[in-house]
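To start, the structure under review is shown below, and the notes come after it.
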Amino acid sequence: MTIDFDQVTADDVSRHFGRRRALTRISFQAGSGTILGLLGPNGAGKSTMIALLATLMRPSGGDIRYGPHTARTAGAALRRAIGILGHDLFLYPELTARENLAFFAGLYGADSAASAATAALDQAGLADRGDDAISSFSRGMRQRVALERALIHRPRLVLLDEPFTGLDDASAAALVARLRGLRNEGAIVVLATHDLDLAEGLLDKALFLRDGRMVDTVARPDA
């Protein structure tokens, strides 16, 4: 079973690691067709917020709701509606791009893992490199495959942690175009980055974090 939702809400969310406060009372909403940015320097709490949204850890206080659902009530059905791209790309370097994508499509129960992998390679612009090992790919190419790995099950909520790291201008532009396409398709995209220049013009709403606290929020007038 897979659940669906059209809004993600963080309500007074905190996360503590012992005496260290990684996040303190963070609140926001993001709806379908929105790209939300978590902006701030390293150590601001962006990656912790991404992990909480991905249900990889629980809040120490407050709650996160996915429509009417929470991670505690929805469990695995909720996780099937989430795609995440973090610092680790979760690709097997000895396998080809096609094999990697087919493997993950199979994990998500695709009707045809092979067809899903072919479509993902086309989307990444890597159809001609699909049968090459990931170990032979540049950083930008690996990032494109990893993004399609995160999207291969068509998640409602897409979480990206510093996705522009190490990308050249062409790869960064391709990523921006892909994210805008996801927004047009109705996905909820949450993007953590410290690169304000790349985020400018892409985000519908931005939350600025510092030392685990929300210090400002800005939304596009038409968002």
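By convention in this document, the chains of the structure tokens carry letters A, B, ... by their order, each chain's residues are numbered from 1, and ligands are numbered from 1 in the order they are shown.
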
- Task: Output as a ChimeraX atom specification all residues of segment 150-199 of chain A that backbone DSSP marks as alpha helix (DSSP H).
- Result: /A:150-151,169-184,196-199

- Message: Excluding Thr2 of chain A and its own-chain neighbours fewer than 4 positions away, which residues fall within 10 Å of it when counting only C-alpha atoms? Please give them as a list in words.
- Response: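 Returned residues: Ala74, Ala76, Ala77, Leu78, Arg79, Arg80, Ala81 and Pro155 of chain A.
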
- Spatial neighbours of Arg129 of chain A, max dist 10 Å, only C-alpha atoms, sep filter under 5 positions, as a PyMOL selection string: chain A and resi 96-98+121+134+136-137+141

Put those residues in a file: C-alpha atoms, as a CSV table (one decimal), in the first residue's frame.
chain,number,residue,atom,x,y,z
A,96,THR,CA,26.1,-0.4,-14.8
A,97,ALA,CA,23.8,2.6,-14.6
A,98,ARG,CA,21.0,0.4,-16.0
A,121,LEU,CA,18.2,6.8,-18.2
A,134,ILE,CA,29.0,3.7,-12.6
A,136,SER,CA,33.5,5.2,-15.1
A,137,PHE,CA,31.1,8.1,-14.7
A,141,MET,CA,26.8,11.9,-14.3

- Query: Any idea what's packed within 12 Å of Gly43 of chain A, counting only C-alpha atoms, ignoring anything in its chain fewer than 2 positions away? Could you give it as number ranges by chain?
  - Reply: A: 20-23, 39-41, 45-49, 192-194, 209-213

- Message: When DSSP is applied to the backbone of this structure, which of segment 76-214 of chain A are assigned strand (DSSP E or B)? Write them out as a PyMOL selection string.
- Response: chain A and resi 82-85+96+133+157-161+188-193+205-210+213-214

Output of the above residues as an mmCIF file, in the first residue's frame, restricted to N, CA, C and O atoms:
data_model
loop_
_atom_site.group_PDB
_atom_site.id
_atom_site.type_symbol
_atom_site.label_atom_id
_atom_site.label_comp_id
_atom_site.auth_asym_id
_atom_site.auth_seq_id
_atom_site.Cartn_x
_atom_site.Cartn_y
_atom_site.Cartn_z
ATOM 1 N N ILE A 82 8.301 8.744 -0.474
ATOM 2 C CA ILE A 82 9.419 9.662 -0.257
ATOM 3 C C ILE A 82 10.619 9.219 -1.076
ATOM 4 O O ILE A 82 10.950 8.033 -1.122
ATOM 5 N N GLY A 83 11.272 10.171 -1.724
ATOM 6 C CA GLY A 83 12.541 9.920 -2.408
ATOM 7 C C GLY A 83 13.597 10.839 -1.839
ATOM 8 O O GLY A 83 13.325 12.030 -1.605
ATOM 9 N N ILE A 84 14.804 10.323 -1.603
ATOM 10 C CA ILE A 84 15.845 11.131 -0.981
ATOM 11 C C ILE A 84 17.172 10.975 -1.715
ATOM 12 O O ILE A 84 17.569 9.875 -2.099
ATOM 13 N N LEU A 85 17.825 12.113 -1.912
ATOM 14 C CA LEU A 85 19.178 12.157 -2.455
ATOM 15 C C LEU A 85 20.046 12.887 -1.446
ATOM 16 O O LEU A 85 19.870 14.087 -1.226
ATOM 17 N N THR A 96 26.408 -1.402 -13.783
ATOM 18 C CA THR A 96 26.131 -0.369 -14.774
ATOM 19 C C THR A 96 25.021 0.552 -14.262
ATOM 20 O O THR A 96 24.319 0.240 -13.288
ATOM 21 N N ALA A 133 29.734 0.954 -16.505
ATOM 22 C CA ALA A 133 29.802 0.892 -15.037
ATOM 23 C C ALA A 133 29.773 2.290 -14.433
ATOM 24 O O ALA A 133 30.358 3.236 -14.986
ATOM 25 N N LEU A 157 7.061 13.242 -2.124
ATOM 26 C CA LEU A 157 7.988 14.122 -1.413
ATOM 27 C C LEU A 157 9.410 13.794 -1.846
ATOM 28 O O LEU A 157 9.853 12.652 -1.716
ATOM 29 N N VAL A 158 10.119 14.807 -2.363
ATOM 30 C CA VAL A 158 11.494 14.639 -2.834
ATOM 31 C C VAL A 158 12.410 15.466 -1.944
ATOM 32 O O VAL A 158 12.233 16.685 -1.806
ATOM 33 N N LEU A 159 13.397 14.814 -1.332
ATOM 34 C CA LEU A 159 14.307 15.453 -0.383
ATOM 35 C C LEU A 159 15.720 15.415 -0.945
ATOM 36 O O LEU A 159 16.215 14.347 -1.317
ATOM 37 N N LEU A 160 16.371 16.578 -0.995
ATOM 38 C CA LEU A 160 17.718 16.658 -1.558
ATOM 39 C C LEU A 160 18.629 17.425 -0.608
ATOM 40 O O LEU A 160 18.311 18.545 -0.206
ATOM 41 N N ASP A 161 19.750 16.812 -0.253
ATOM 42 C CA ASP A 161 20.697 17.407 0.681
ATOM 43 C C ASP A 161 21.965 17.805 -0.064
ATOM 44 O O ASP A 161 22.741 16.946 -0.489
ATOM 45 N N ILE A 188 6.330 17.630 -4.024
ATOM 46 C CA ILE A 188 6.795 18.524 -2.961
ATOM 47 C C ILE A 188 8.307 18.324 -2.872
ATOM 48 O O ILE A 188 8.767 17.218 -2.578
ATOM 49 N N VAL A 189 9.078 19.357 -3.150
ATOM 50 C CA VAL A 189 10.532 19.257 -3.175
ATOM 51 C C VAL A 189 11.104 20.079 -2.024
ATOM 52 O O VAL A 189 10.767 21.265 -1.881
ATOM 53 N N VAL A 190 11.927 19.461 -1.205
ATOM 54 C CA VAL A 190 12.634 20.170 -0.133
ATOM 55 C C VAL A 190 14.121 20.031 -0.405
ATOM 56 O O VAL A 190 14.652 18.918 -0.495
ATOM 57 N N LEU A 191 14.780 21.163 -0.531
ATOM 58 C CA LEU A 191 16.162 21.233 -0.980
ATOM 59 C C LEU A 191 17.007 21.935 0.076
ATOM 60 O O LEU A 191 16.735 23.084 0.424
ATOM 61 N N ALA A 192 18.009 21.241 0.608
ATOM 62 C CA ALA A 192 18.937 21.840 1.567
ATOM 63 C C ALA A 192 20.205 22.249 0.841
ATOM 64 O O ALA A 192 20.807 21.439 0.129
ATOM 65 N N THR A 193 20.610 23.508 0.999
ATOM 66 C CA THR A 193 21.822 23.974 0.340
ATOM 67 C C THR A 193 22.386 25.183 1.075
ATOM 68 O O THR A 193 21.648 25.922 1.743
ATOM 69 N N LYS A 205 9.872 29.029 -1.740
ATOM 70 C CA LYS A 205 9.931 29.481 -0.354
ATOM 71 C C LYS A 205 11.276 29.076 0.220
ATOM 72 O O LYS A 205 11.795 28.007 -0.103
ATOM 73 N N ALA A 206 11.841 29.932 1.051
ATOM 74 C CA ALA A 206 13.143 29.639 1.655
ATOM 75 C C ALA A 206 13.081 29.845 3.156
ATOM 76 O O ALA A 206 12.523 30.838 3.634
ATOM 77 N N LEU A 207 13.638 28.872 3.888
ATOM 78 C CA LEU A 207 13.805 28.979 5.333
ATOM 79 C C LEU A 207 15.293 29.100 5.622
ATOM 80 O O LEU A 207 16.087 28.292 5.160
ATOM 81 N N PHE A 208 15.654 30.123 6.372
ATOM 82 C CA PHE A 208 17.054 30.346 6.705
ATOM 83 C C PHE A 208 17.307 29.838 8.122
ATOM 84 O O PHE A 208 16.643 30.264 9.073
ATOM 85 N N LEU A 209 18.246 28.899 8.224
ATOM 86 C CA LEU A 209 18.579 28.288 9.507
ATOM 87 C C LEU A 209 19.974 28.715 9.949
ATOM 88 O O LEU A 209 20.882 28.856 9.127
ATOM 89 N N ARG A 210 20.121 28.884 11.252
ATOM 90 C CA ARG A 210 21.452 29.137 11.837
ATOM 91 C C ARG A 210 21.462 28.548 13.234
ATOM 92 O O ARG A 210 20.577 28.817 14.045
ATOM 93 N N ARG A 213 18.235 26.987 14.494
ATOM 94 C CA ARG A 213 17.038 27.808 14.661
ATOM 95 C C ARG A 213 16.655 28.475 13.340
ATOM 96 O O ARG A 213 17.523 28.819 12.540
ATOM 97 N N MET A 214 15.373 28.689 13.141
ATOM 98 C CA MET A 214 14.891 29.383 11.953
ATOM 99 C C MET A 214 14.986 30.880 12.208
ATOM 100 O O MET A 214 14.341 31.412 13.109
#

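Proximity ranking of A:Ala187, A:Ala10, A:Leu126, A:Ala219 relative to Gly31 of chain A places A:Ala187 first, based on only C-alpha atoms.
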
- Considering only C-alpha atoms, return as a count of residues only whatever protein or nucleic-acid residues lie within 9 Å of Leu179 of chain A, sequence-local ones (same chain, fewer than 3 positions apart) excluded. 9

- Task: Go through A:Leu89, A:Ala120, A:Ile50, A:Ile64 one by one, measure the shortest atom-to-atom distance of each to Asp12 of chain A using only C-alpha atoms, and give the residue with the smallest value.
- Result: A:Ile64

- Polymer residues at most 8 Å from Phe5 of chain A, only C-alpha atoms, same-chain spacing of 4 or more positions, as a list in words: Tyr66, Gly67, Pro68 and Arg156 of chain A

- May I ask which of the residues A:Ala114, A:Tyr108, A:Leu196, A:Leu95 is the closest one to Arg154 of chain A, counting only C-alpha atoms?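 Ranking A:Ala114, A:Tyr108, A:Leu196, A:Leu95 by distance to Arg154 of chain A, first place goes to A:Tyr108.
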
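Nearest residue to Ser112 of chain A among A:Ala173, A:Ile152, A:Leu91, A:Leu147 is A:Ile152, counting only C-alpha atoms.
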
- Please, what distance in Å, to one decimal, runs between atom CA of Gly33 of chain A and atom CA of Val8 of chain A?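 Separating atom CA of Gly33 of chain A from atom CA of Val8 of chain A is a distance of 11.8 Å.
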